[in-house]
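Input: a single structure, listed below in structure tokens.
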Amino acid sequence: MSADPAAKARDAVERTIALCDVLTDLVRMREDEFVADVRTQWAVELGLIRIGETINRIPDEVLDRFPGQPWRQIVAMRNLAVHQYDDLEPRRVWRTVIGDVPALRAYLAEVVRQEL
């Protein structure tokens, strides 16, 4: 990966879009099915961790140019998944992957199209 902040940001954004797509594919089920499926929960949690890690690697000066997402909250969700996994409620993960992940993906796709 390039040391150039713009190239680094574009790479991270493209990887995050791909992760969002994988998570969307993983949760093609109802909420009650997700809550009962520990294997899918763990896979989704790992995907959320990877999204948070990727966002955390985007330089702050780049993130500051795009205030349309709660970047610190995305990283905080990663931290919660990594450090307090016993407290990670499956319904909270469900809401995140059903609502926030598609919104993040759409936002990033627009950022790539217009800016990066």
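Residue numbering restarts at 1 for every chain of the structure tokens, chains are lettered A, B, ... in their displayed order, and ligands are numbered from 1 as they appear.
Residues surrounding segment 82-96 of chain A within 7 Å are Glu31, Val35, Gln41 and Ile49 of chain A [only C-alpha atoms; sequence separation below 6 positions excluded].
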Next, dump the selected residues to file, keeping only all heavy atoms, as a CSV table (one decimal), in the first residue's frame.
```
chain,number,residue,atom,x,y,z
A,31,GLU,N,-34.1,-11.6,11.7
A,31,GLU,CA,-33.4,-11.2,13.0
A,31,GLU,C,-33.4,-12.4,13.9
A,31,GLU,O,-32.3,-12.7,14.5
A,31,GLU,CB,-34.1,-10.0,13.6
A,31,GLU,CG,-33.4,-9.6,14.9
A,31,GLU,CD,-34.0,-8.4,15.5
A,31,GLU,OE1,-35.0,-7.9,15.0
A,31,GLU,OE2,-33.4,-7.9,16.5
A,35,VAL,N,-30.1,-14.2,15.6
A,35,VAL,CA,-29.9,-14.3,17.0
A,35,VAL,C,-29.6,-15.7,17.5
A,35,VAL,O,-28.8,-16.0,18.4
A,35,VAL,CB,-31.1,-13.7,17.8
A,35,VAL,CG1,-31.0,-14.0,19.3
A,35,VAL,CG2,-31.1,-12.2,17.6
A,41,GLN,N,-23.2,-14.9,13.8
A,41,GLN,CA,-22.9,-13.7,14.7
A,41,GLN,C,-21.4,-13.5,14.7
A,41,GLN,O,-20.9,-12.4,14.6
A,41,GLN,CB,-23.4,-14.0,16.1
A,41,GLN,CG,-24.9,-13.9,16.2
A,41,GLN,CD,-25.4,-14.3,17.6
A,41,GLN,OE1,-24.7,-14.1,18.6
A,41,GLN,NE2,-26.5,-15.0,17.7
A,49,ILE,N,-15.2,-5.9,13.1
A,49,ILE,CA,-13.8,-5.6,13.6
A,49,ILE,C,-12.9,-5.1,12.5
A,49,ILE,O,-12.2,-4.2,12.5
A,49,ILE,CB,-13.3,-6.8,14.3
A,49,ILE,CG1,-14.0,-7.1,15.6
A,49,ILE,CG2,-11.7,-6.7,14.5
A,49,ILE,CD1,-13.7,-8.4,16.3
```
Fill in: Exercise: segment 66-75 of chain A partners within 9 Å, only C-alpha atoms, chain neighbours under 6 positions left out, as a PyMOL selection string
chain A and resi 48-49+51-56+103-104+107+111
Worksheet item: Quick one: residues within 12 Å of Asp11 of chain A, only C-alpha atoms counted, chain neighbours fewer than 4 positions away excluded, as a ChimeraX atom specification?
Response: /A:1-7,15-18,54-55,57-59,108,112,116
Could you write out that same residue set with N, CA and C atoms as a PDB file, in the first residue's frame?
```pdb
ATOM      1  N   MET A   1       0.844  -1.174   0.000  1.00  0.00           N
ATOM      2  CA  MET A   1       0.000   0.000   0.000  1.00  0.00           C
ATOM      3  C   MET A   1       0.889   1.236   0.000  1.00  0.00           C
ATOM      4  N   SER A   2       0.473   2.252  -0.680  1.00  0.00           N
ATOM      5  CA  SER A   2       1.234   3.474  -0.845  1.00  0.00           C
ATOM      6  C   SER A   2       1.241   4.293   0.445  1.00  0.00           C
ATOM      7  N   ALA A   3       2.305   5.089   0.624  1.00  0.00           N
ATOM      8  CA  ALA A   3       2.384   5.997   1.766  1.00  0.00           C
ATOM      9  C   ALA A   3       1.575   7.269   1.519  1.00  0.00           C
ATOM     10  N   ASP A   4       1.185   7.507   0.272  1.00  0.00           N
ATOM     11  CA  ASP A   4       0.379   8.666  -0.082  1.00  0.00           C
ATOM     12  C   ASP A   4      -0.961   8.588   0.646  1.00  0.00           C
ATOM     13  N   PRO A   5      -1.325   9.622   1.442  1.00  0.00           N
ATOM     14  CA  PRO A   5      -2.581   9.564   2.207  1.00  0.00           C
ATOM     15  C   PRO A   5      -3.822   9.321   1.346  1.00  0.00           C
ATOM     16  N   ALA A   6      -3.883   9.935   0.173  1.00  0.00           N
ATOM     17  CA  ALA A   6      -5.056   9.743  -0.688  1.00  0.00           C
ATOM     18  C   ALA A   6      -5.138   8.306  -1.190  1.00  0.00           C
ATOM     19  N   ALA A   7      -4.001   7.744  -1.596  1.00  0.00           N
ATOM     20  CA  ALA A   7      -3.990   6.350  -2.066  1.00  0.00           C
ATOM     21  C   ALA A   7      -4.314   5.397  -0.927  1.00  0.00           C
ATOM     22  N   ARG A  15     -11.582  -1.450   0.410  1.00  0.00           N
ATOM     23  CA  ARG A  15     -11.633  -2.662   1.242  1.00  0.00           C
ATOM     24  C   ARG A  15     -12.855  -2.652   2.150  1.00  0.00           C
ATOM     25  N   THR A  16     -13.213  -1.485   2.659  1.00  0.00           N
ATOM     26  CA  THR A  16     -14.387  -1.384   3.526  1.00  0.00           C
ATOM     27  C   THR A  16     -15.661  -1.660   2.738  1.00  0.00           C
ATOM     28  N   ILE A  17     -15.749  -1.160   1.526  1.00  0.00           N
ATOM     29  CA  ILE A  17     -16.910  -1.450   0.678  1.00  0.00           C
ATOM     30  C   ILE A  17     -17.034  -2.955   0.464  1.00  0.00           C
ATOM     31  N   ALA A  18     -15.916  -3.619   0.188  1.00  0.00           N
ATOM     32  CA  ALA A  18     -15.936  -5.077  -0.009  1.00  0.00           C
ATOM     33  C   ALA A  18     -16.383  -5.790   1.268  1.00  0.00           C
ATOM     34  N   THR A  54      -9.975  -1.020   9.463  1.00  0.00           N
ATOM     35  CA  THR A  54      -9.700  -0.354   8.192  1.00  0.00           C
ATOM     36  C   THR A  54      -9.968   1.141   8.286  1.00  0.00           C
ATOM     37  N   ILE A  55     -11.077   1.507   8.887  1.00  0.00           N
ATOM     38  CA  ILE A  55     -11.403   2.926   9.059  1.00  0.00           C
ATOM     39  C   ILE A  55     -10.353   3.602   9.936  1.00  0.00           C
ATOM     40  N   ARG A  57      -7.322   3.122  10.049  1.00  0.00           N
ATOM     41  CA  ARG A  57      -6.069   3.328   9.312  1.00  0.00           C
ATOM     42  C   ARG A  57      -6.155   4.482   8.308  1.00  0.00           C
ATOM     43  N   ILE A  58      -7.345   5.018   8.103  1.00  0.00           N
ATOM     44  CA  ILE A  58      -7.484   6.169   7.208  1.00  0.00           C
ATOM     45  C   ILE A  58      -7.002   7.401   7.976  1.00  0.00           C
ATOM     46  N   PRO A  59      -6.126   8.178   7.383  1.00  0.00           N
ATOM     47  CA  PRO A  59      -5.622   9.371   8.088  1.00  0.00           C
ATOM     48  C   PRO A  59      -6.759  10.305   8.515  1.00  0.00           C
ATOM     49  N   LEU A 108     -19.633   5.438   1.300  1.00  0.00           N
ATOM     50  CA  LEU A 108     -18.276   5.260   0.787  1.00  0.00           C
ATOM     51  C   LEU A 108     -18.242   5.127  -0.719  1.00  0.00           C
ATOM     52  N   VAL A 112     -16.024   7.567  -3.101  1.00  0.00           N
ATOM     53  CA  VAL A 112     -15.106   7.096  -4.144  1.00  0.00           C
ATOM     54  C   VAL A 112     -15.477   7.715  -5.485  1.00  0.00           C
ATOM     55  N   LEU A 116     -12.453  10.520  -4.192  1.00  0.00           N
ATOM     56  CA  LEU A 116     -11.176   9.809  -4.155  1.00  0.00           C
ATOM     57  C   LEU A 116     -10.882   9.316  -5.527  1.00  0.00           C
TER      58      LEU A 116
END
```
Item to complete: For atom CA of Ala81 of chain A and atom CA of Val27 of chain A, quote the distance in Å rounded to one decimal.
Response: 17.5 Å
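Remark: for Ala109 of chain A, the closest of the candidate residues A:Glu14, A:Asp60, A:Asp21, A:Glu45 is A:Glu14 (distances computed over only C-alpha atoms).
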Item to complete: Taking the chain letters and numbering used in this document, name the residues of chain A that DSSP puts in helix (DSSP H, G or I), as a PyMOL selection string.
Response: chain A and resi 5-26+31-36+38-56+60-63+71-83+85-87+90-114
